[in-house]
file structure.txt (compact mmCIF, C-alpha atoms and all ligand atoms)
# COMPACT_ATOMS: atom_id res chain seq x y z
CA MET T 1 -57.35 -68.77 -20.51
CA LYS T 2 -57.26 -69.13 -24.28
CA THR T 3 -53.97 -70.06 -25.87
CA ILE T 4 -52.08 -67.21 -27.46
CA ALA T 5 -48.71 -66.77 -29.12
CA ALA T 6 -46.60 -63.84 -30.23
CA MET T 7 -43.43 -63.23 -32.13
CA MET T 8 -41.21 -61.57 -29.54
CA THR T 9 -38.24 -60.72 -31.72
CA ALA T 10 -37.91 -58.34 -34.66
CA LYS T 11 -38.87 -59.36 -38.18
CA ILE T 12 -35.29 -59.55 -39.43
CA ASN T 13 -32.79 -62.17 -40.51
CA ALA T 14 -30.82 -63.08 -37.41
CA ALA T 15 -29.38 -66.11 -35.63
CA ILE T 16 -32.47 -66.67 -33.52
CA SER T 17 -36.09 -65.61 -33.34
CA SER T 18 -38.34 -66.28 -30.41
CA ILE T 19 -42.04 -67.04 -30.31
CA HIS T 20 -43.80 -67.21 -26.95
CA ILE T 21 -46.88 -69.32 -26.41
CA THR T 22 -49.07 -69.45 -23.36
CA GLY T 23 -52.47 -70.75 -22.30
CA SER T 24 -54.24 -73.86 -21.03
CA GLU T 25 -53.80 -75.67 -24.36
CA ALA T 26 -50.20 -74.58 -24.99
CA GLU T 27 -48.57 -77.83 -23.89
CA LYS T 28 -51.07 -79.99 -25.72
CA ILE T 29 -50.63 -78.07 -28.97
CA LEU T 30 -46.84 -78.14 -28.73
CA ALA T 31 -46.97 -81.90 -28.22
CA GLN T 32 -48.80 -82.15 -31.55
CA ILE T 33 -46.36 -80.10 -33.61
CA PHE T 34 -43.05 -80.67 -31.85
CA LEU T 35 -40.94 -83.76 -32.25
CA PRO T 36 -38.15 -83.90 -29.63
CA ALA T 37 -34.69 -85.05 -30.70
CA LYS T 38 -34.58 -87.46 -27.77
CA LYS T 39 -37.50 -89.14 -26.13
CA LEU T 40 -37.47 -87.42 -22.75
CA ASN T 41 -39.96 -86.36 -20.19
CA LEU T 42 -41.55 -83.64 -22.23
CA PHE T 43 -42.12 -80.03 -21.14
CA GLN T 44 -40.75 -79.94 -17.60
CA THR T 45 -40.66 -76.44 -16.16
CA GLY T 46 -37.12 -75.09 -16.18
CA LYS T 47 -35.96 -77.39 -19.02
CA THR T 48 -35.07 -76.70 -22.63
CA ILE T 49 -35.70 -79.29 -25.31
CA LEU T 50 -34.17 -79.60 -28.77
CA GLY T 51 -36.36 -80.92 -31.55
CA HIS T 52 -38.29 -80.11 -34.70
CA ILE T 53 -41.46 -78.23 -35.42
CA ARG T 54 -43.53 -80.06 -38.01
CA ASP T 55 -46.57 -79.02 -39.92
CA ASP T 56 -48.25 -82.38 -40.62
CA ASP T 57 -45.26 -84.28 -41.98
CA VAL T 58 -43.35 -81.26 -43.30
CA LEU T 59 -40.39 -80.21 -41.19
CA ILE T 60 -40.39 -76.43 -40.62
CA ASP T 61 -37.37 -75.86 -38.40
CA GLU T 62 -35.11 -77.26 -35.72
CA VAL T 63 -35.94 -75.37 -32.53
CA ILE T 64 -35.24 -75.22 -28.83
CA ILE T 65 -38.30 -75.06 -26.64
CA GLY T 66 -37.94 -73.38 -23.28
CA CYS T 67 -40.42 -74.47 -20.61
CA GLU T 68 -40.90 -71.38 -18.49
CA ASN T 69 -43.96 -72.57 -16.66
CA ASP T 70 -46.74 -75.20 -16.87
CA ASP T 71 -48.48 -73.04 -19.44
CA TYR T 72 -45.75 -70.78 -20.82
CA PHE T 73 -43.24 -71.87 -23.45
CA THR T 74 -40.72 -70.18 -25.73
CA ILE T 75 -40.05 -71.52 -29.20
CA ASN T 76 -36.54 -70.45 -30.20
CA CYS T 77 -36.22 -71.01 -33.91
CA HIS T 78 -33.82 -69.83 -36.60
CA GLY T 79 -34.08 -66.11 -37.20
CA ASN T 80 -35.69 -65.92 -40.61
CA PRO T 81 -39.04 -64.11 -40.83
CA LEU T 82 -40.27 -66.74 -43.32
CA ILE T 83 -39.65 -69.56 -40.83
CA VAL T 84 -41.28 -67.60 -38.01
CA GLU T 85 -44.28 -66.96 -40.24
CA GLN T 86 -44.57 -70.70 -40.99
CA ILE T 87 -44.48 -71.61 -37.29
CA LEU T 88 -47.09 -68.97 -36.45
CA LYS T 89 -49.30 -70.31 -39.26
CA CYS T 90 -48.93 -73.83 -37.89
CA LEU T 91 -49.87 -72.66 -34.38
CA LYS T 92 -52.86 -70.83 -35.78
CA LYS T 93 -53.98 -74.00 -37.53
CA HIS T 94 -54.06 -75.64 -34.11
CA GLY T 95 -56.31 -72.95 -32.68
CA VAL T 96 -53.73 -70.60 -31.21
CA GLU T 97 -54.53 -66.91 -31.44
CA ILE T 98 -51.60 -64.81 -32.64
CA VAL T 99 -51.25 -61.59 -30.65
CA SER T 100 -48.78 -58.75 -30.21
CA PRO T 101 -45.80 -59.10 -27.82
CA GLN T 102 -47.37 -56.40 -25.65
CA GLU T 103 -50.54 -58.44 -25.31
CA ILE T 104 -48.77 -61.62 -24.29
CA ILE T 105 -46.74 -59.68 -21.71
CA SER T 106 -49.80 -58.01 -20.21
CA GLN T 107 -51.83 -61.26 -20.21
CA THR T 108 -49.16 -63.18 -18.37
CA GLY T 109 -48.49 -60.25 -16.08
CA ASN T 110 -51.91 -60.74 -14.53
CA ARG T 111 -50.82 -63.80 -12.66
CA PRO T 112 -48.35 -63.94 -9.75
CA VAL T 113 -44.69 -63.54 -10.63
CA ALA T 114 -42.41 -65.11 -8.03
CA TYR T 115 -39.92 -62.27 -7.82
CA ASP T 116 -42.38 -59.42 -8.10
CA PRO T 117 -45.39 -59.65 -5.81
CA GLY T 118 -47.56 -56.77 -4.74
CA PRO T 119 -48.85 -53.58 -6.30
CA GLU T 120 -45.57 -52.72 -8.03
CA ARG T 121 -46.54 -55.30 -10.62
CA ALA T 122 -48.40 -52.74 -12.70
CA LEU T 123 -45.22 -50.71 -13.00
CA THR T 124 -43.09 -53.76 -13.82
CA LEU T 125 -45.57 -54.83 -16.43
CA ALA T 126 -45.68 -51.40 -18.05
CA ALA T 127 -41.88 -51.37 -18.04
CA ARG T 128 -41.71 -54.73 -19.82
CA ILE T 129 -43.92 -53.37 -22.56
CA ALA T 130 -42.14 -50.03 -22.83
CA ILE T 131 -38.73 -51.68 -22.97
CA THR T 132 -39.77 -53.46 -26.17
CA GLN T 133 -40.71 -50.11 -27.70
CA THR T 134 -37.95 -47.71 -26.68
CA LYS T 135 -35.99 -46.21 -29.53
CA THR T 136 -32.85 -45.42 -27.53
CA LEU T 137 -30.66 -46.90 -24.83
CA LEU T 138 -31.24 -43.77 -22.76
CA GLY T 139 -34.95 -44.59 -22.99
CA ALA T 140 -34.26 -48.06 -21.55
CA LYS T 141 -32.32 -46.47 -18.70
CA ILE T 142 -35.24 -44.15 -17.94
CA ILE T 143 -37.69 -47.06 -17.87
CA ASN T 144 -35.53 -49.32 -15.72
CA TYR T 145 -34.72 -46.58 -13.24
CA GLN T 146 -38.45 -46.13 -12.50
CA LEU T 147 -38.62 -49.67 -11.07
CA THR T 148 -35.96 -49.17 -8.43
CA GLY T 149 -35.79 -45.44 -7.73
CA GLY T 150 -37.88 -43.02 -9.73
CA LEU T 151 -41.62 -43.57 -9.83
CA ALA T 152 -41.55 -46.60 -7.52
CA ALA T 153 -39.78 -44.59 -4.79
CA VAL T 154 -42.04 -41.57 -5.22
CA PHE T 155 -45.19 -43.69 -4.90
CA GLU T 156 -43.83 -45.14 -1.66
CA GLN T 157 -43.22 -41.62 -0.32
CA TRP T 158 -46.65 -40.41 -1.40
CA LYS T 159 -48.37 -43.23 0.45
CA LYS T 160 -47.01 -41.77 3.70
CA GLN T 161 -47.16 -38.11 2.71
CA LYS T 162 -49.90 -36.05 4.39
CA ASP T 163 -49.07 -32.77 2.64
CA ARG T 164 -51.28 -32.83 -0.45
CA ALA T 165 -49.91 -29.60 -1.85
CA LEU T 166 -46.43 -31.13 -1.85
CA ILE T 167 -47.67 -34.21 -3.70
CA LYS T 168 -49.35 -31.96 -6.22
CA SER T 169 -46.27 -29.88 -6.90
CA GLN T 170 -44.07 -32.98 -7.19
CA ALA T 171 -46.57 -34.57 -9.56
CA LYS T 172 -46.55 -31.44 -11.71
CA GLN T 173 -42.77 -31.50 -11.87
CA ILE T 174 -42.73 -35.19 -12.84
CA LEU T 175 -45.33 -34.60 -15.53
CA HIS T 176 -43.34 -31.67 -16.89
CA ASN T 177 -40.09 -33.67 -17.07
CA SER T 178 -41.88 -36.67 -18.54
CA ALA T 179 -42.62 -34.85 -21.79
CA ALA T 180 -38.92 -34.99 -22.67
CA ALA T 181 -38.61 -38.56 -21.35
CA MET T 182 -41.37 -39.73 -23.70
CA LYS T 183 -39.55 -38.13 -26.64
CA ILE T 184 -36.40 -40.02 -25.70
CA ILE T 185 -38.30 -43.29 -25.37
CA TYR T 186 -40.66 -43.12 -28.32
CA GLY T 187 -38.90 -40.69 -30.69
CA VAL T 188 -40.05 -37.46 -32.26
CA ARG T 189 -41.40 -36.27 -35.57
CA ILE T 190 -39.79 -33.18 -37.00
CA VAL T 191 -41.25 -31.50 -40.05
CA LEU T 192 -39.05 -29.45 -42.35
CA ALA T 193 -41.00 -26.44 -43.53
CA GLY T 194 -40.27 -23.28 -45.46
CA GLU T 195 -40.74 -21.63 -48.81
CA PRO T 196 -39.80 -23.54 -51.96
CA ASN T 197 -36.10 -23.71 -52.80
CA VAL T 198 -34.74 -22.93 -49.33
CA GLY T 199 -33.01 -26.33 -49.13
CA LYS T 200 -35.41 -28.54 -47.18
CA SER T 201 -34.80 -31.61 -49.33
CA THR T 202 -31.06 -30.97 -49.31
CA LEU T 203 -31.11 -30.90 -45.49
CA LEU T 204 -33.09 -34.13 -45.29
CA ASN T 205 -30.56 -35.81 -47.57
CA THR T 206 -27.58 -34.43 -45.64
CA LEU T 207 -29.00 -35.52 -42.29
CA CYS T 208 -29.96 -38.98 -43.51
CA GLY T 209 -26.74 -39.41 -45.46
CA LYS T 210 -28.77 -40.53 -48.44
CA ASP T 211 -30.30 -39.04 -51.57
CA LYS T 212 -33.84 -39.60 -50.37
CA ALA T 213 -35.56 -36.51 -51.71
CA ILE T 214 -35.13 -34.94 -55.11
CA VAL T 215 -33.17 -31.70 -54.93
CA SER T 216 -33.53 -29.13 -57.67
CA ASP T 217 -33.65 -25.40 -58.10
CA ILE T 218 -37.10 -25.67 -59.66
CA PRO T 219 -39.56 -24.50 -57.00
CA GLY T 220 -42.24 -27.06 -56.16
CA THR T 221 -40.09 -30.14 -56.84
CA THR T 222 -41.16 -31.84 -53.60
CA ARG T 223 -44.84 -32.72 -53.57
CA ASP T 224 -45.16 -36.13 -51.87
CA TRP T 225 -43.55 -35.95 -48.48
CA VAL T 226 -40.41 -37.97 -47.92
CA SER T 227 -39.20 -39.10 -44.53
CA GLY T 228 -36.06 -40.46 -42.98
CA HIS T 229 -34.95 -41.53 -39.50
CA ILE T 230 -31.83 -40.37 -37.77
CA GLN T 231 -30.41 -41.00 -34.34
CA THR T 232 -29.04 -38.24 -32.14
CA PRO T 233 -27.34 -39.06 -28.80
CA ALA T 234 -30.69 -38.86 -26.98
CA MET T 235 -33.39 -39.51 -29.57
CA GLU T 236 -34.63 -41.04 -32.74
CA MET T 237 -36.01 -38.38 -35.05
CA GLU T 238 -38.34 -38.97 -37.93
CA LEU T 239 -37.62 -36.12 -40.33
CA ILE T 240 -40.24 -35.22 -42.85
CA ASP T 241 -39.52 -33.17 -45.93
CA THR T 242 -42.58 -31.39 -47.17
CA ALA T 243 -43.74 -29.43 -50.16
CA GLY T 244 -42.73 -25.79 -49.69
CA LEU T 245 -45.26 -23.42 -48.22
CA CYS T 246 -46.35 -20.89 -50.80
CA LYS T 247 -49.33 -18.74 -51.54
CA SER T 248 -49.56 -19.03 -55.32
CA LEU T 249 -50.65 -22.48 -56.46
CA SER T 250 -50.42 -23.45 -60.10
CA SER T 251 -52.31 -26.76 -60.02
CA PRO T 252 -54.69 -28.90 -57.96
CA ILE T 253 -51.71 -31.20 -57.24
CA ASP T 254 -49.89 -28.29 -55.62
CA ALA T 255 -53.00 -27.49 -53.61
CA GLU T 256 -53.16 -31.10 -52.38
CA ALA T 257 -49.42 -31.00 -51.55
CA GLN T 258 -50.02 -27.88 -49.46
CA ARG T 259 -52.95 -29.50 -47.69
CA ARG T 260 -50.76 -32.49 -46.80
CA THR T 261 -48.00 -30.22 -45.55
CA ARG T 262 -50.41 -28.42 -43.23
CA HIS T 263 -51.74 -31.77 -41.97
CA LEU T 264 -48.20 -33.00 -41.22
CA LEU T 265 -47.39 -29.78 -39.43
CA LYS T 266 -50.19 -30.49 -36.96
CA SER T 267 -48.74 -33.91 -36.06
CA ALA T 268 -45.20 -32.63 -35.54
CA ASP T 269 -43.33 -32.48 -32.25
CA MET T 270 -41.31 -29.69 -33.78
CA VAL T 271 -41.17 -27.67 -36.97
CA LEU T 272 -37.80 -26.84 -38.41
CA TYR T 273 -38.52 -23.64 -40.30
CA MET T 274 -35.91 -23.02 -43.00
CA ARG T 275 -35.32 -19.77 -44.80
CA CYS T 276 -32.68 -18.01 -46.89
CA LYS T 277 -33.75 -14.43 -46.42
CA ASP T 278 -34.76 -12.16 -43.58
CA ASN T 279 -38.49 -12.95 -43.71
CA ASN T 280 -40.77 -13.58 -40.75
CA THR T 281 -41.58 -17.06 -39.54
CA PRO T 282 -45.24 -17.99 -40.12
CA ASP T 283 -47.43 -18.89 -37.17
CA PHE T 284 -47.41 -22.66 -36.54
CA GLY T 285 -49.85 -22.55 -33.63
CA ALA T 286 -48.97 -24.67 -30.63
CA VAL T 287 -46.14 -26.60 -32.34
CA SER T 288 -42.65 -25.65 -31.19
CA VAL T 289 -40.57 -24.07 -33.96
CA LEU T 290 -36.83 -23.90 -34.50
CA GLU T 291 -35.75 -21.38 -37.10
CA VAL T 292 -32.73 -21.99 -39.25
CA PHE T 293 -31.09 -19.91 -41.95
CA ASN T 294 -29.77 -22.01 -44.82
CA LYS T 295 -27.23 -21.46 -47.63
CA ALA T 296 -24.84 -19.69 -45.25
CA ASP T 297 -22.05 -20.76 -47.62
CA ILE T 298 -23.23 -18.24 -50.24
CA LEU T 299 -25.58 -15.89 -48.36
CA GLN T 300 -24.96 -13.56 -45.44
CA PRO T 301 -27.19 -14.65 -42.50
CA PRO T 302 -28.80 -11.98 -40.34
CA PRO T 303 -27.23 -11.63 -36.87
CA ARG T 304 -28.11 -14.05 -34.06
CA VAL T 305 -29.70 -16.74 -36.17
CA LEU T 306 -28.82 -20.40 -36.37
CA ALA T 307 -27.05 -20.51 -39.73
CA ILE T 308 -26.21 -23.67 -41.65
CA SER T 309 -25.33 -24.91 -45.06
CA ALA T 310 -27.36 -27.99 -45.85
CA LYS T 311 -25.23 -28.46 -48.95
CA THR T 312 -21.78 -28.41 -47.34
CA GLY T 313 -22.83 -29.68 -43.91
CA THR T 314 -21.58 -26.61 -42.04
CA GLY T 315 -23.50 -26.05 -38.79
CA ILE T 316 -25.32 -29.40 -38.88
CA ASP T 317 -23.86 -30.57 -35.56
CA ILE T 318 -24.95 -27.33 -33.91
CA LEU T 319 -28.39 -27.73 -35.46
CA LEU T 320 -28.79 -31.25 -33.98
CA ASP T 321 -27.67 -29.90 -30.62
CA GLU T 322 -30.19 -27.06 -30.82
CA ILE T 323 -32.96 -29.53 -31.65
CA GLU T 324 -32.10 -31.57 -28.53
CA ILE T 325 -32.00 -28.40 -26.40
CA LYS T 326 -35.32 -27.13 -27.75
CA LEU T 327 -37.00 -30.48 -27.04
CA GLY T 328 -35.50 -30.60 -23.55
CA VAL T 329 -33.68 -33.90 -24.09
CA LYS T 330 -30.08 -32.72 -24.17
CA ASP T 331 -27.97 -34.22 -21.34
CA PHE T 332 -31.16 -35.61 -19.87
CA ASN T 333 -30.84 -37.03 -16.37
CA PHE T 334 -32.56 -40.42 -16.31
CA ARG T 335 -32.16 -40.73 -12.54
CA GLN T 336 -35.39 -38.95 -11.67
CA PRO T 337 -39.05 -39.97 -11.36
CA LEU T 338 -40.62 -40.01 -14.83
CA CYS T 339 -43.70 -41.39 -16.54
CA PHE T 340 -42.75 -43.65 -19.40
CA ASN T 341 -46.15 -44.16 -20.99
CA ARG T 342 -49.29 -42.18 -21.75
CA GLU T 343 -51.45 -43.94 -19.12
CA GLN T 344 -49.07 -43.02 -16.32
CA ALA T 345 -49.10 -39.39 -17.41
CA GLU T 346 -52.91 -39.45 -17.47
CA HIS T 347 -52.99 -40.85 -13.91
CA LEU T 348 -50.75 -38.03 -12.76
CA GLU T 349 -52.91 -35.45 -14.52
CA LYS T 350 -55.94 -36.82 -12.67
CA LEU T 351 -54.07 -36.81 -9.40
CA ILE T 352 -53.09 -33.16 -9.88
N1 LIG L 1 -25.22 -23.00 -51.95
C1 LIG L 1 -26.15 -23.74 -51.38
N2 LIG L 1 -27.17 -24.22 -52.12
C2 LIG L 1 -28.12 -24.99 -51.50
C3 LIG L 1 -28.03 -25.25 -50.12
N3 LIG L 1 -29.11 -26.02 -49.81
C4 LIG L 1 -29.79 -26.21 -50.94
N4 LIG L 1 -29.20 -25.59 -51.98
C5 LIG L 1 -29.64 -25.55 -53.38
O1 LIG L 1 -30.91 -24.90 -53.43
C6 LIG L 1 -31.74 -25.49 -54.41
C7 LIG L 1 -33.05 -25.95 -53.77
O2 LIG L 1 -32.79 -26.96 -52.86
P1 LIG L 1 -33.89 -28.00 -52.38
O3 LIG L 1 -33.28 -28.83 -51.31
O4 LIG L 1 -34.50 -28.71 -53.53
O5 LIG L 1 -34.95 -26.97 -51.76
P2 LIG L 1 -36.45 -27.27 -51.25
O6 LIG L 1 -37.36 -26.80 -52.33
O7 LIG L 1 -36.65 -26.39 -50.03
O8 LIG L 1 -36.59 -28.71 -50.97
C8 LIG L 1 -30.93 -26.63 -55.01
O9 LIG L 1 -30.32 -26.18 -56.20
C9 LIG L 1 -29.90 -26.93 -53.94
O10 LIG L 1 -28.70 -27.48 -54.47
C10 LIG L 1 -26.94 -24.73 -49.36
O11 LIG L 1 -26.80 -24.92 -48.16
N5 LIG L 1 -26.04 -23.96 -50.06
MG MG L 2 -37.88 -30.07 -51.77
call {"tool": "encode", "arguments": {"input": "structure.txt", "output": "structure tokens"}}
result
Amino acid sequence: MKTIAAMMTAKINAAISSIHITGSEAEKILAQIFLPAKKLNLFQTGKTILGHIRDDDVLIDEVIIGCENDDYFTINCHGNPLIVEQILKCLKKHGVEIVSPQEIISQTGNRPVAYDPGPERALTLAARIAITQTKTLLGAKIINYQLTGGLAAVFEQWKKQKDRALIKSQAKQILHNSAAAMKIIYGVRIVLAGEPNVGKSTLLNTLCGKDKAIVSDIPGTTRDWVSGHIQTPAMEMELIDTAGLCKSLSSPIDAEAQRRTRHLLKSADMVLYMRCKDNNTPDFGAVSVLEVFNKADILQPPPRVLAISAKTGTGIDILLDEIEIKLGVKDFNFRQPLCFNREQAEHLEKLI
């Protein structure tokens, strides 16, 4: 097995960052770049060793090396992305291939793990990867539940189940509920759409709590799309403010802005269609649409519509609630069998 390493922690300034290295040459390479503080028996499984990483004779950082296995080590260095980068460069110089955390997890998952033998390993492995990617704590709960109850339990039942129709209907139900679970785990993209001047940029700014997009009463102010991330109780939403949809275009730049808006609309999990008058909502094809009437502080909304004021913030809490309801993530019960990645969902589709 070739020797690979990955940065396992985020690229931020923190107390500690962790690089994992594994492979047949891992120990040999570490011995070349690591100078222990005390001369001990080097690299005994289960031990941690304090020392320095050196690139030739230049000291990079004081680190603690954890010896997880004969061929698996963790380098726990100070949490500065510049230091991590230096260590990775040094490893690369010694022939180590730098890979993603997911890759190192799946590579090492191929060999026996003492506490997790048997076919459940695939699920455990997928969970380890997904847990590094989830955008919410609820997402982590969903993933972890699948290992004990959830998917693991259902697979056990299915192995003994003779009634194929029952398996099929259960699989369909799981697949259906998993759509919301995936949104909770990986987040959603919501595109703000509507005619110029309805308050799309104002809403983005209000939701993000920042002046991200330029607000003005001149129609066509927003041309390049602007995005922001916000967290609701269940999800992370990427909100995208777009150029207003309009039929009359005054310049090629406007035409390009419209083209980009239409492209973004296709990639959305949901369109938030904003308006300030009683017009019809355009057809957005298969994408789910939530309609909202804005400027309720100065205009009279038609009956039975979700009315807000992006400017004053009135109705914003209800709007966030409605978004969660529409996407099926509100008060989501994580204690149920759910797919937490695309591959699992594809397996279920095939099974059905
Ligand atoms: N009274 C009031 N004015 C708003 C509201 N939302 C936006 N506006 C105003 O409407 C104009 C257009 O807003 P903007 O966010 O740029 O609209 P966009 O073209 O859809 O992005 C600006 O003058 C905003 O201050 C609102 O809820 N109430
Ligand atoms: Mg705008």
call {"tool": "residues_near_point", "arguments": {"input": "structure.txt", "point": "(-55.1, -65.6, -31.1)", "cutoff": "9 Å", "atoms": "all atoms listed in the file", "output": "PyMOL selection string"}}
result
chain T and resi 2-6+92+95-99
call {"tool": "atom_distance", "arguments": {"input": "structure.txt", "atom1": "atom O6 of ligand LIG 1 (chain L)", "atom2": "atom CA of Val305 of chain T"}}
result
20.5 Å
call {"tool": "closest_residue", "arguments": {"input": "structure.txt", "among": "T:Leu203, T:Ile323, T:Val287, T:Ile318", "to": "ligand MG 2 (chain L)", "atoms": "only C-alpha atoms and all ligand atoms"}}
result
T:Leu203
call {"tool": "residues_around", "arguments": {"input": "structure.txt", "residues": "segment 61-73 of chain T", "least_positions_apart": "5", "cutoff": "7 Å", "atoms": "only C-alpha atoms", "output": "list in words"}}
result
His20, Ile21, Thr22, Gly23, Ser24, Ala26, Glu27, Phe43, Gln44, Thr45, Gly46, Lys47, Thr48, Ile49, Leu50, Gly51, His52 and Ile53 of chain T
call {"tool": "closest_residue", "arguments": {"input": "structure.txt", "among": "T:Asn197, T:Gln173, T:Thr242, T:Thr74", "to": "ligand LIG 1 (chain L)", "atoms": "all atoms listed in the file"}}
result
T:Asn197
